[in-house]
Amino acid sequence: MIMAWGRGWAVSRGVPPPVEVPGGFRAEVGLPHHRVRHVLHTWSAESLHALVLPDSAPGAWVKVVGSRDDLRAALPAPWTTAADGWLMSTEFTVEPGRPVAPYRTEVTESGGTVTAVARDADGTPAAWAHLARAGAVGVVDRVETAPEHRRRGLGSAVMRALGRHAVESGMATGVLVATKDGCGLYRALGWEVRAGIAAAWVPAG
C-alpha cells in the first residue's frame, strides 16, 4: 500500500516518479521547503542513518510506518517530528451523495490527476479532493474544505464523487494518508486504518 500510495502521490503532486530504495522509496519534490521525501514501510535506526541522514539539509522529509516516538528517537537534531498520520484504505463503491443546494460537484481530469470540486452558488470552490491512479489503486490526496464552508457535508460529497469515478475507471482499492482532522471523515465513509504513519523534516532557515 505504501508503494502504491507513493506512485499515486507523485502523480497528484506533479513530481517525478519515486525511486525504490531499501524498505520504500525516495521522491524528488523540488520545493525549497520540501526538496526530497523518503517513505519507508520497513526501517530501523540503522537504515535511517544510511538512507536519510546523509541528506539532512533543510527541506528533507521522511515518512515511516510506525510511531512518532520511535522516529523521534532515531533521528538527531535538526530533524523535527510532525503530527501523527494514518495509512487508510477502502474498497471503492458507487454511493449516492450530492451536496445540498446551492452547492454542486464537478469532476475533471488533467495530467493523470482527477479533481472533484464542490462549488457554491457563485462558482467559488468550497471543497476539493484529488485522485491519482497507481495500477488498480486510486490514491486520494489533498482533501480540503474551505473554513467558511465546513460542516455542510462537502468533504463527503467530493470523496463520494471520486469514489464513483474510481469505480468507473477500474480502480478497485483506495489508499490515502490521513491527518487527525481527516481521519474521522474517512472512517465515516468506510475507510479503515491500516497503519500509523510518522513523519519528520529538517526545517528551512
# chains A, B, ... in the order shown; residues from 1 in each chain; ligands from 1

call {"tool": "select_by_dssp", "arguments": {"residues": "chain A", "states": "strand (DSSP E)", "output": "PyMOL selection string"}}
result
chain A and resi 19-21+24-31+34-40+60-65+80-81+85-91+104-110+113-119+125-134+137-145+173-178+192-201

call {"tool": "residues_around", "arguments": {"residues": "region 169-184 of chain A", "least_positions_apart": "6", "cutoff": "10 Å", "atoms": "only C-alpha atoms", "output": "MDAnalysis selection string"}}
result
chainID A and resid 1:2 4:6 8:9 83:93 131:144 155 162:163 191:197

call {"tool": "write_last_selection", "arguments": {"atoms": "N, CA and C atoms", "output": "CSV table (one decimal), in the first residue's frame"}}
result
chain,number,residue,atom,x,y,z
A,1,MET,N,0.8,-1.2,0.0
A,1,MET,CA,0.0,0.0,0.0
A,1,MET,C,0.9,1.3,0.0
A,2,ILE,N,2.0,1.2,0.8
A,2,ILE,CA,2.8,2.4,0.8
A,2,ILE,C,3.4,2.7,-0.6
A,4,ALA,N,2.2,1.8,-3.5
A,4,ALA,CA,1.1,2.4,-4.4
A,4,ALA,C,0.8,3.8,-4.1
A,5,TRP,N,0.7,4.1,-2.8
A,5,TRP,CA,0.5,5.5,-2.3
A,5,TRP,C,1.6,6.4,-2.9
A,6,GLY,N,2.8,6.0,-2.8
A,6,GLY,CA,3.9,6.8,-3.3
A,6,GLY,C,3.8,7.1,-4.8
A,8,GLY,N,1.0,7.1,-6.7
A,8,GLY,CA,-0.1,8.0,-6.9
A,8,GLY,C,0.1,9.4,-6.4
A,9,TRP,N,0.8,9.5,-5.2
A,9,TRP,CA,1.1,10.8,-4.6
A,9,TRP,C,2.0,11.6,-5.6
A,83,ALA,N,3.0,15.9,13.1
A,83,ALA,CA,1.9,15.3,13.7
A,83,ALA,C,1.7,13.9,13.2
A,84,ASP,N,1.0,13.0,14.0
A,84,ASP,CA,0.8,11.7,13.6
A,84,ASP,C,-0.1,11.6,12.3
A,85,GLY,N,0.0,10.6,11.5
A,85,GLY,CA,-0.9,10.3,10.4
A,85,GLY,C,-1.2,8.9,10.4
A,86,TRP,N,-2.1,8.5,9.5
A,86,TRP,CA,-2.6,7.1,9.4
A,86,TRP,C,-2.8,6.7,7.9
A,87,LEU,N,-2.2,5.5,7.6
A,87,LEU,CA,-2.4,4.9,6.3
A,87,LEU,C,-3.8,4.3,6.3
A,88,MET,N,-4.7,4.6,5.4
A,88,MET,CA,-6.0,4.1,5.4
A,88,MET,C,-6.4,3.6,4.0
A,89,SER,N,-7.3,2.6,3.9
A,89,SER,CA,-7.7,2.1,2.6
A,89,SER,C,-9.2,1.8,2.7
A,90,THR,N,-9.7,1.6,1.4
A,90,THR,CA,-11.1,1.2,1.3
A,90,THR,C,-11.3,0.5,0.0
A,91,GLU,N,-12.4,-0.2,-0.2
A,91,GLU,CA,-12.8,-0.7,-1.5
A,91,GLU,C,-13.8,0.3,-2.1
A,92,PHE,N,-13.5,0.9,-3.2
A,92,PHE,CA,-14.3,1.9,-3.8
A,92,PHE,C,-15.7,1.3,-4.1
A,93,THR,N,-16.7,2.1,-3.9
A,93,THR,CA,-18.1,1.7,-4.3
A,93,THR,C,-18.8,3.0,-4.9
A,131,LEU,N,-7.5,12.6,-7.0
A,131,LEU,CA,-7.3,11.1,-7.1
A,131,LEU,C,-6.3,10.9,-8.2
A,132,ALA,N,-5.3,10.0,-7.9
A,132,ALA,CA,-4.4,9.6,-9.0
A,132,ALA,C,-4.3,8.1,-9.0
A,133,ARG,N,-4.0,7.5,-10.1
A,133,ARG,CA,-4.0,6.1,-10.3
A,133,ARG,C,-2.6,5.5,-10.1
A,134,ALA,N,-2.6,4.4,-9.4
A,134,ALA,CA,-1.4,3.6,-9.2
A,134,ALA,C,-1.8,2.1,-9.5
A,135,GLY,N,-1.9,1.8,-10.8
A,135,GLY,CA,-2.4,0.5,-11.2
A,135,GLY,C,-3.9,0.4,-10.9
A,136,ALA,N,-4.3,-0.6,-10.2
A,136,ALA,CA,-5.7,-0.7,-9.8
A,136,ALA,C,-6.0,0.0,-8.5
A,137,VAL,N,-5.0,0.7,-8.0
A,137,VAL,CA,-5.2,1.5,-6.7
A,137,VAL,C,-5.4,3.0,-7.1
A,138,GLY,N,-6.4,3.6,-6.4
A,138,GLY,CA,-6.6,5.0,-6.5
A,138,GLY,C,-6.2,5.7,-5.3
A,139,VAL,N,-5.3,6.6,-5.4
A,139,VAL,CA,-4.7,7.3,-4.3
A,139,VAL,C,-5.3,8.7,-4.1
A,140,VAL,N,-6.0,8.9,-3.0
A,140,VAL,CA,-6.7,10.2,-2.7
A,140,VAL,C,-5.7,11.1,-2.0
A,141,ASP,N,-5.7,12.4,-2.4
A,141,ASP,CA,-4.7,13.3,-1.9
A,141,ASP,C,-5.3,14.7,-1.8
A,142,ARG,N,-4.8,15.5,-0.9
A,142,ARG,CA,-5.2,16.9,-0.8
A,142,ARG,C,-6.7,17.2,-0.8
A,143,VAL,N,-7.3,16.6,0.3
A,143,VAL,CA,-8.7,16.8,0.6
A,143,VAL,C,-8.9,17.9,1.5
A,144,GLU,N,-9.7,18.9,1.1
A,144,GLU,CA,-9.8,20.1,1.9
A,144,GLU,C,-11.2,20.8,1.7
A,155,GLY,N,-17.1,17.7,2.3
A,155,GLY,CA,-16.0,16.7,2.2
A,155,GLY,C,-16.4,15.3,1.8
A,162,LEU,N,-15.2,11.2,-6.1
A,162,LEU,CA,-14.0,10.5,-6.5
A,162,LEU,C,-14.2,9.0,-6.5
A,163,GLY,N,-15.0,8.5,-5.5
A,163,GLY,CA,-15.2,7.0,-5.4
A,163,GLY,C,-16.0,6.5,-6.7
A,191,TRP,N,-13.6,4.0,5.3
A,191,TRP,CA,-12.2,3.8,5.2
A,191,TRP,C,-11.7,3.2,6.5
A,192,GLU,N,-10.7,2.3,6.4
A,192,GLU,CA,-10.1,1.6,7.6
A,192,GLU,C,-8.6,2.0,7.8
A,193,VAL,N,-8.2,2.1,9.0
A,193,VAL,CA,-6.8,2.4,9.3
A,193,VAL,C,-6.0,1.1,9.2
A,194,ARG,N,-4.9,1.2,8.4
A,194,ARG,CA,-4.1,0.1,8.2
A,194,ARG,C,-2.8,0.2,9.0
A,195,ALA,N,-2.3,1.4,9.2
A,195,ALA,CA,-1.0,1.5,9.9
A,195,ALA,C,-0.9,3.0,10.4
A,196,GLY,N,-0.1,3.2,11.4
A,196,GLY,CA,0.3,4.5,11.8
A,196,GLY,C,1.4,5.0,11.0
A,197,ILE,N,1.4,6.3,10.7
A,197,ILE,CA,2.4,7.0,9.9
A,197,ILE,C,3.1,8.1,10.7

call {"tool": "atom_distance", "arguments": {"atom1": "CA of Pro17 (chain A)", "atom2": "CA of Ala60 (chain A)"}}
result
17.1 Å

call {"tool": "residues_around", "arguments": {"residues": "Ser56 (chain A)", "least_positions_apart": "6", "cutoff": "12 Å", "atoms": "only C-alpha atoms", "output": "PyMOL selection string"}}
result
chain A and resi 34-38+48-50+62+75-80+200-204

call {"tool": "write_last_selection", "arguments": {"atoms": "N, CA and C atoms", "output": "short mmCIF file (atom, residue, chain, number, x, y, z; two decimals), in the first residue's frame"}}
result
data_model
loop_
_atom_site.label_atom_id
_atom_site.label_comp_id
_atom_site.auth_asym_id
_atom_site.auth_seq_id
_atom_site.Cartn_x
_atom_site.Cartn_y
_atom_site.Cartn_z
N HIS A 34 10.54 21.54 0.78
CA HIS A 34 10.25 20.10 0.63
C HIS A 34 11.03 19.60 -0.59
N ARG A 35 12.34 19.47 -0.43
CA ARG A 35 13.19 19.11 -1.56
C ARG A 35 13.05 17.64 -1.93
N VAL A 36 13.12 16.80 -0.91
CA VAL A 36 13.17 15.35 -1.13
C VAL A 36 12.37 14.66 -0.04
N ARG A 37 11.80 13.52 -0.38
CA ARG A 37 10.99 12.77 0.60
C ARG A 37 11.34 11.30 0.52
N HIS A 38 11.66 10.71 1.66
CA HIS A 38 11.78 9.27 1.79
C HIS A 38 10.51 8.75 2.47
N LEU A 48 17.76 4.30 8.63
CA LEU A 48 17.59 5.75 8.54
C LEU A 48 18.94 6.45 8.44
N HIS A 49 19.90 5.99 9.20
CA HIS A 49 21.22 6.61 9.17
C HIS A 49 21.89 6.40 7.82
N ALA A 50 21.60 5.28 7.17
CA ALA A 50 22.23 5.00 5.88
C ALA A 50 21.52 5.72 4.74
N VAL A 62 10.97 12.71 5.77
CA VAL A 62 10.87 11.26 5.83
C VAL A 62 9.52 10.89 6.46
N LEU A 75 16.16 9.86 15.14
CA LEU A 75 16.67 10.99 14.35
C LEU A 75 17.30 12.05 15.26
N PRO A 76 18.45 12.56 14.89
CA PRO A 76 19.08 13.64 15.67
C PRO A 76 18.54 14.99 15.25
N ALA A 77 18.93 16.02 15.99
CA ALA A 77 18.67 17.39 15.53
C ALA A 77 19.45 17.60 14.24
N PRO A 78 18.94 18.40 13.30
CA PRO A 78 17.80 19.32 13.40
C PRO A 78 16.47 18.73 12.94
N TRP A 79 16.37 17.39 12.85
CA TRP A 79 15.11 16.79 12.40
C TRP A 79 14.01 17.08 13.41
N THR A 80 12.83 17.42 12.91
CA THR A 80 11.67 17.76 13.73
C THR A 80 10.51 16.85 13.35
N ALA A 200 8.90 13.29 9.74
CA ALA A 200 9.83 14.27 10.27
C ALA A 200 10.45 15.04 9.12
N TRP A 201 10.95 16.24 9.42
CA TRP A 201 11.56 17.06 8.39
C TRP A 201 12.65 17.93 9.00
N VAL A 202 13.49 18.46 8.10
CA VAL A 202 14.51 19.43 8.52
C VAL A 202 14.00 20.82 8.12
N PRO A 203 13.69 21.67 9.10
CA PRO A 203 13.13 22.99 8.79
C PRO A 203 14.11 23.85 8.00
N ALA A 204 13.55 24.70 7.16
CA ALA A 204 14.34 25.68 6.42
C ALA A 204 14.56 26.91 7.29
#

call {"tool": "closest_residue", "arguments": {"among": "A:Leu154, A:Gly111, A:Ala118, A:Pro54", "to": "Val15 (chain A)", "atoms": "only C-alpha atoms"}}
result
A:Gly111

call {"tool": "atom_distance", "arguments": {"atom1": "CA of Ala166 (chain A)", "atom2": "CA of Arg26 (chain A)"}}
result
26.4 Å

call {"tool": "select_by_dssp", "arguments": {"residues": "chain A", "states": "alpha helix (DSSP H)", "output": "ChimeraX atom specification"}}
result
/A:2-13,45-51,68-74,154-168,180-188

call {"tool": "write_last_selection", "arguments": {"atoms": "C-alpha atoms", "output": "PDB file, in the first residue's frame"}}
result
ATOM      1  CA  ILE A   2       2.825   2.405   0.796  1.00  0.00           C
ATOM      2  CA  MET A   3       4.447   1.864  -2.592  1.00  0.00           C
ATOM      3  CA  ALA A   4       1.142   2.367  -4.415  1.00  0.00           C
ATOM      4  CA  TRP A   5       0.479   5.475  -2.340  1.00  0.00           C
ATOM      5  CA  GLY A   6       3.890   6.837  -3.315  1.00  0.00           C
ATOM      6  CA  ARG A   7       3.289   6.342  -7.023  1.00  0.00           C
ATOM      7  CA  GLY A   8      -0.117   7.998  -6.877  1.00  0.00           C
ATOM      8  CA  TRP A   9       1.095  10.800  -4.620  1.00  0.00           C
ATOM      9  CA  ALA A  10       3.839  11.659  -7.131  1.00  0.00           C
ATOM     10  CA  VAL A  11       1.279  11.886  -9.954  1.00  0.00           C
ATOM     11  CA  SER A  12      -1.027  14.041  -7.842  1.00  0.00           C
ATOM     12  CA  ARG A  13       1.793  16.421  -6.891  1.00  0.00           C
ATOM     13  CA  ALA A  45      17.556   3.334  13.128  1.00  0.00           C
ATOM     14  CA  GLU A  46      20.431   1.912  11.116  1.00  0.00           C
ATOM     15  CA  SER A  47      18.600   2.154   7.791  1.00  0.00           C
ATOM     16  CA  LEU A  48      17.591   5.750   8.543  1.00  0.00           C
ATOM     17  CA  HIS A  49      21.222   6.612   9.172  1.00  0.00           C
ATOM     18  CA  ALA A  50      22.226   5.002   5.882  1.00  0.00           C
ATOM     19  CA  LEU A  51      19.405   6.293   3.672  1.00  0.00           C
ATOM     20  CA  ARG A  68       6.221   9.227  16.259  1.00  0.00           C
ATOM     21  CA  ASP A  69       8.170   8.366  19.417  1.00  0.00           C
ATOM     22  CA  ASP A  70      10.222   5.680  17.651  1.00  0.00           C
ATOM     23  CA  LEU A  71      11.004   8.002  14.750  1.00  0.00           C
ATOM     24  CA  ARG A  72      11.955  10.858  17.067  1.00  0.00           C
ATOM     25  CA  ALA A  73      14.325   8.562  18.974  1.00  0.00           C
ATOM     26  CA  ALA A  74      16.037   7.504  15.748  1.00  0.00           C
ATOM     27  CA  LEU A 154     -18.954  18.869   1.285  1.00  0.00           C
ATOM     28  CA  GLY A 155     -15.957  16.723   2.208  1.00  0.00           C
ATOM     29  CA  SER A 156     -18.140  13.628   1.979  1.00  0.00           C
ATOM     30  CA  ALA A 157     -19.587  14.829  -1.336  1.00  0.00           C
ATOM     31  CA  VAL A 158     -16.218  15.236  -3.063  1.00  0.00           C
ATOM     32  CA  MET A 159     -14.945  11.934  -1.645  1.00  0.00           C
ATOM     33  CA  ARG A 160     -18.014  10.106  -2.962  1.00  0.00           C
ATOM     34  CA  ALA A 161     -17.573  11.791  -6.339  1.00  0.00           C
ATOM     35  CA  LEU A 162     -14.012  10.464  -6.501  1.00  0.00           C
ATOM     36  CA  GLY A 163     -15.229   7.019  -5.449  1.00  0.00           C
ATOM     37  CA  ARG A 164     -17.730   6.908  -8.288  1.00  0.00           C
ATOM     38  CA  HIS A 165     -15.061   7.978 -10.763  1.00  0.00           C
ATOM     39  CA  ALA A 166     -12.641   5.367  -9.415  1.00  0.00           C
ATOM     40  CA  VAL A 167     -15.145   2.535  -9.875  1.00  0.00           C
ATOM     41  CA  GLU A 168     -15.996   3.681 -13.390  1.00  0.00           C
ATOM     42  CA  LYS A 180      -6.014  13.632  12.662  1.00  0.00           C
ATOM     43  CA  ASP A 181      -8.591  16.096  11.309  1.00  0.00           C
ATOM     44  CA  GLY A 182      -9.365  13.956   8.260  1.00  0.00           C
ATOM     45  CA  CYS A 183      -9.432  10.558   9.929  1.00  0.00           C
ATOM     46  CA  GLY A 184     -12.986  10.946  11.265  1.00  0.00           C
ATOM     47  CA  LEU A 185     -14.378  11.863   7.847  1.00  0.00           C
ATOM     48  CA  TYR A 186     -12.737   8.899   6.149  1.00  0.00           C
ATOM     49  CA  ARG A 187     -13.866   6.457   8.843  1.00  0.00           C
ATOM     50  CA  ALA A 188     -17.449   7.678   8.412  1.00  0.00           C
TER      51      ALA A 188
END

call {"tool": "atom_distance", "arguments": {"atom1": "CA of Lys63 (chain A)", "atom2": "CA of Ala27 (chain A)"}}
result
11.4 Å

call {"tool": "closest_residue", "arguments": {"among": "A:Gly153, A:Gly112, A:Ala82, A:Thr124", "to": "Arg98 (chain A)", "atoms": "only C-alpha atoms"}}
result
A:Gly153

call {"tool": "closest_residue", "arguments": {"among": "A:Val29, A:Ala101, A:Ala199, A:Ala146", "to": "Ala121 (chain A)", "atoms": "only C-alpha atoms"}}
result
A:Ala101

call {"tool": "closest_residue", "arguments": {"among": "A:Arg152, A:His130, A:Arg104, A:His41", "to": "Glu20 (chain A)", "atoms": "only C-alpha atoms"}}
result
A:His41
